[in-house]
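So this one's target_31.txt, compact mmCIF, C-alpha atoms:
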```txt
# COMPACT_ATOMS: atom_id res chain seq x y z
CA MET A 2 19.67 129.42 133.24
CA LYS A 3 22.16 130.63 130.64
CA SER A 4 23.37 134.23 130.92
CA ARG A 5 25.86 136.55 129.26
CA THR A 6 27.50 139.80 130.30
CA PHE A 7 28.45 142.52 127.83
CA THR A 8 29.13 146.24 127.73
CA GLN A 9 26.94 148.40 125.54
CA TYR A 10 26.09 152.08 125.16
CA ALA A 11 22.60 153.42 125.83
CA ALA A 12 21.03 155.05 122.75
CA LYS A 13 18.19 157.54 122.52
CA TRP A 14 14.91 155.97 121.42
CA GLY A 15 12.03 158.45 121.51
CA ASN A 16 11.72 159.68 125.10
CA CYS A 17 13.57 156.61 126.39
CA LEU A 18 16.99 155.05 126.21
CA ALA A 19 17.57 151.65 124.60
CA VAL A 20 20.33 149.07 124.72
CA ARG A 21 20.92 146.81 121.74
CA ILE A 22 21.62 143.15 122.38
CA PRO A 23 24.36 141.88 120.05
CA ASN A 24 23.24 139.22 117.57
CA ASN A 25 25.74 136.62 118.81
CA ILE A 26 24.18 136.85 122.30
CA ILE A 27 20.65 136.68 120.86
CA LYS A 28 21.56 133.47 119.03
CA ASP A 29 23.51 132.01 121.96
CA LEU A 30 20.64 132.52 124.41
CA GLY A 31 17.82 131.81 121.93
CA ILE A 32 16.18 135.20 122.47
CA GLU A 33 13.17 136.03 120.32
CA PRO A 34 10.71 138.95 120.39
CA ASP A 35 8.62 138.87 123.57
CA THR A 36 11.14 136.64 125.39
CA PRO A 37 11.11 137.63 129.09
CA LEU A 38 14.55 138.81 130.24
CA ASP A 39 16.14 139.47 133.64
CA ILE A 40 18.20 142.63 133.24
CA LYS A 41 20.79 144.10 135.61
CA ILE A 42 22.08 147.54 134.64
CA SER A 43 25.16 149.26 136.00
CA LYS A 44 26.97 152.32 134.70
CA THR A 45 30.49 151.69 133.41
CA PRO A 46 32.80 154.62 134.09
CA LYS A 47 34.40 155.87 130.87
CA GLY A 48 37.78 155.63 132.61
CA ASP A 49 37.38 151.85 132.60
CA ALA A 50 38.62 151.56 129.01
CA ILE A 51 41.88 150.01 130.21
CA GLN A 52 39.97 147.43 132.24
CA GLN A 53 37.82 146.61 129.22
CA LEU A 54 40.92 146.21 127.05
CA LEU A 55 42.49 143.87 129.61
CA GLU A 56 39.29 141.79 129.65
CA VAL A 57 39.41 141.51 125.85
CA PHE A 58 43.05 140.39 125.98
CA LYS A 59 42.19 137.71 128.55
CA LYS A 60 39.13 136.57 126.65
CA LEU A 61 41.00 136.22 123.35
CA ASN A 62 44.05 134.59 124.95
CA PRO A 63 42.99 132.73 128.13
CA SER A 64 46.63 132.01 129.02
CA LEU A 65 46.86 135.69 130.08
CA LYS A 66 44.41 134.99 132.95
CA LYS A 67 47.26 133.69 135.08
CA TYR A 68 48.73 137.21 135.17
CA SER A 69 47.38 140.12 137.16
CA ASP A 70 46.15 143.19 135.34
CA GLN A 71 49.09 145.09 136.77
CA GLU A 72 51.56 142.56 135.37
CA ILE A 73 50.04 142.93 131.91
CA LEU A 74 50.20 146.72 132.14
CA ASN A 75 53.79 146.53 133.40
CA SER A 76 54.71 144.49 130.33
CA PHE A 77 53.77 147.46 128.14
CA VAL A 78 55.91 149.77 130.26
CA MET A 79 58.81 147.32 130.21
CA GLU A 80 58.58 147.02 126.43
CA LYS A 81 58.96 150.79 126.02
CA TYR A 82 61.73 150.88 128.64
CA THR A 83 63.76 148.26 126.80
CA GLU A 84 63.23 150.09 123.49
CA LEU A 85 64.57 153.29 125.02
CA THR A 86 67.46 151.83 127.00
CA GLY A 87 68.41 148.78 124.95
CA SER A 88 68.38 146.68 128.13
CA GLU A 89 67.12 143.12 128.43
CA ILE A 90 63.51 142.53 129.39
CA ASP A 91 62.55 140.33 132.32
CA PRO A 92 61.52 136.90 130.89
CA LYS A 93 58.20 137.09 132.76
CA TYR A 94 57.26 140.30 130.96
CA LYS A 95 58.52 138.92 127.66
CA ASP A 96 56.08 136.01 128.03
CA ILE A 97 53.21 138.42 128.68
CA GLN A 98 54.22 140.60 125.72
CA ASP A 99 54.26 137.57 123.44
CA LYS A 100 50.73 136.63 124.51
CA VAL A 101 49.42 140.19 124.11
CA SER A 102 51.11 140.49 120.70
CA TYR A 103 49.35 137.29 119.66
CA VAL A 104 45.97 138.81 120.58
CA LEU A 105 46.74 142.09 118.77
CA LYS A 106 47.82 140.27 115.59
CA ASN A 107 44.61 138.24 115.62
CA LEU A 108 42.54 141.41 116.07
CA GLN A 109 44.30 142.97 113.08
CA LEU A 110 43.62 139.87 110.97
CA ARG A 111 39.92 139.99 111.90
CA LYS A 112 39.69 143.60 110.69
CA ARG A 113 40.75 142.61 107.16
```

Kindly transcribe the structure held in the file into structure tokens.
Amino acid sequence: MKSRTFTQYAAKWGNCLAVRIPNNIIKDLGIEPDTPLDIKISKTPKGDAIQQLLEVFKKLNPSLKKYSDQEILNSFVMEKYTELTGSEIDPKYKDIQDKVSYVLKNLQLRKR
């Protein structure tokens, strides 16, 4: 059975709450009106925005999956540190920064 996971906000719908299923998932799974669905719901803490961003980076550039979330976050810190001090960046963090920059540039191109 094919399945997909996504994050979505609950919206008010009369006396209930509703969750919209994105069109790309509807098409991918072949969902039509009256299609029976198995649904698992869990609340995502709002503080998880960083985790969601890291997941997007890894999804858009799978080569980032070999790095831990902490390593990716450290690359941002190291980038600012080198800007402020003029020191050399560790090659490992430079590699991560290059991959993250690639994702960010592609996101900017998609917005246009």

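One distance worth recording is that between atom CA of A:Ser64 and atom CA of A:Leu108, which is 16.5 Å.
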
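Atom CA of A:Asn62 lies 6.4 Å from atom CA of A:Val104.
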
Near-stretch 5-9 of chain A list (10 Å; all atoms listed in the file; drop same-chain fewer than 5 positions) as a list in words: Ala19, Val20, Arg21, Ile22, Pro23, Ile26, Ile27, Asp29, Leu30, Lys41, Ile42, Ser43, Lys44, Thr45 and Gln53 of chain A

Atom CA of A:Ala11 and atom CA of A:Val101 are how many Å apart? 30.0 Å

Need the axis-aligned box for stretch 61-76 of chain A with 4 Å each side, so what are the centre and edges in Å to one decimal, as lines of an AutoDock Vina configuration file?
```
center_x = 47.9
center_y = 139.4
center_z = 130.3
size_x = 21.7
size_y = 22.7
size_z = 21.8
```

Contact residues around A:Leu74 with all atoms listed in the file at 10 Å, ignoring same-chain residues under 5 positions, as a ChimeraX atom specification: /A:51,55,69,79,94,97-98

File of the preceding selection, C-alpha atoms, as an mmCIF file, in the frame of the given file:
```cif
data_model
loop_
_atom_site.group_PDB
_atom_site.id
_atom_site.type_symbol
_atom_site.label_atom_id
_atom_site.label_comp_id
_atom_site.auth_asym_id
_atom_site.auth_seq_id
_atom_site.Cartn_x
_atom_site.Cartn_y
_atom_site.Cartn_z
ATOM 1 C CA ILE A 51 41.880 150.010 130.210
ATOM 2 C CA LEU A 55 42.490 143.870 129.610
ATOM 3 C CA SER A 69 47.380 140.120 137.160
ATOM 4 C CA MET A 79 58.810 147.320 130.210
ATOM 5 C CA TYR A 94 57.260 140.300 130.960
ATOM 6 C CA ILE A 97 53.210 138.420 128.680
ATOM 7 C CA GLN A 98 54.220 140.600 125.720
#
```

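Taking all atoms listed in the file into account, A:Asp39 lies nearest to A:Lys3 out of the set A:Asp96, A:Lys3, A:Gln71, A:Lys13.
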
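Considering only C-alpha atoms, the residue among A:Gly31, A:Tyr10, A:Lys93, A:Asn25 positioned nearest to A:Glu80 is A:Lys93.
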
Selection near A:Lys95, 10 Å with only C-alpha atoms, sequence-local residues under 4 positions removed, as a list in words: Ser76, Phe77, Met79, Glu80, Glu89, Ile90, Asp91, Asp99, Lys100 and Val101 of chain A

Could you name the residues that touch A:Leu61 at 9 Å or less, counting all atoms listed in the file, but leaving out those on the same chain fewer than 3 positions away, as a PyMOL selection string? chain A and resi 56-58+65+104+107

Given the block above, output stretch 79-93 of chain A with C-alpha atoms as a PDB file, in the first residue's frame.
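Saved to result_19.pdb:
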```
ATOM      1  CA  MET A  79      30.567  28.289  11.287  1.00  0.00           C
ATOM      2  CA  GLU A  80      29.615  30.410   8.282  1.00  0.00           C
ATOM      3  CA  LYS A  81      28.779  33.379  10.530  1.00  0.00           C
ATOM      4  CA  TYR A  82      31.903  32.770  12.631  1.00  0.00           C
ATOM      5  CA  THR A  83      34.156  32.897   9.579  1.00  0.00           C
ATOM      6  CA  GLU A  84      32.409  36.061   8.349  1.00  0.00           C
ATOM      7  CA  LEU A  85      33.051  37.744  11.690  1.00  0.00           C
ATOM      8  CA  THR A  86      36.606  36.537  12.272  1.00  0.00           C
ATOM      9  CA  GLY A  87      37.931  36.120   8.744  1.00  0.00           C
ATOM     10  CA  SER A  88      39.206  32.654   9.678  1.00  0.00           C
ATOM     11  CA  GLU A  89      39.144  29.582   7.454  1.00  0.00           C
ATOM     12  CA  ILE A  90      36.156  27.259   7.638  1.00  0.00           C
ATOM     13  CA  ASP A  91      36.548  23.546   8.278  1.00  0.00           C
ATOM     14  CA  PRO A  92      36.274  21.758   4.878  1.00  0.00           C
ATOM     15  CA  LYS A  93      33.538  19.484   6.263  1.00  0.00           C
TER      16      LYS A  93
END
```
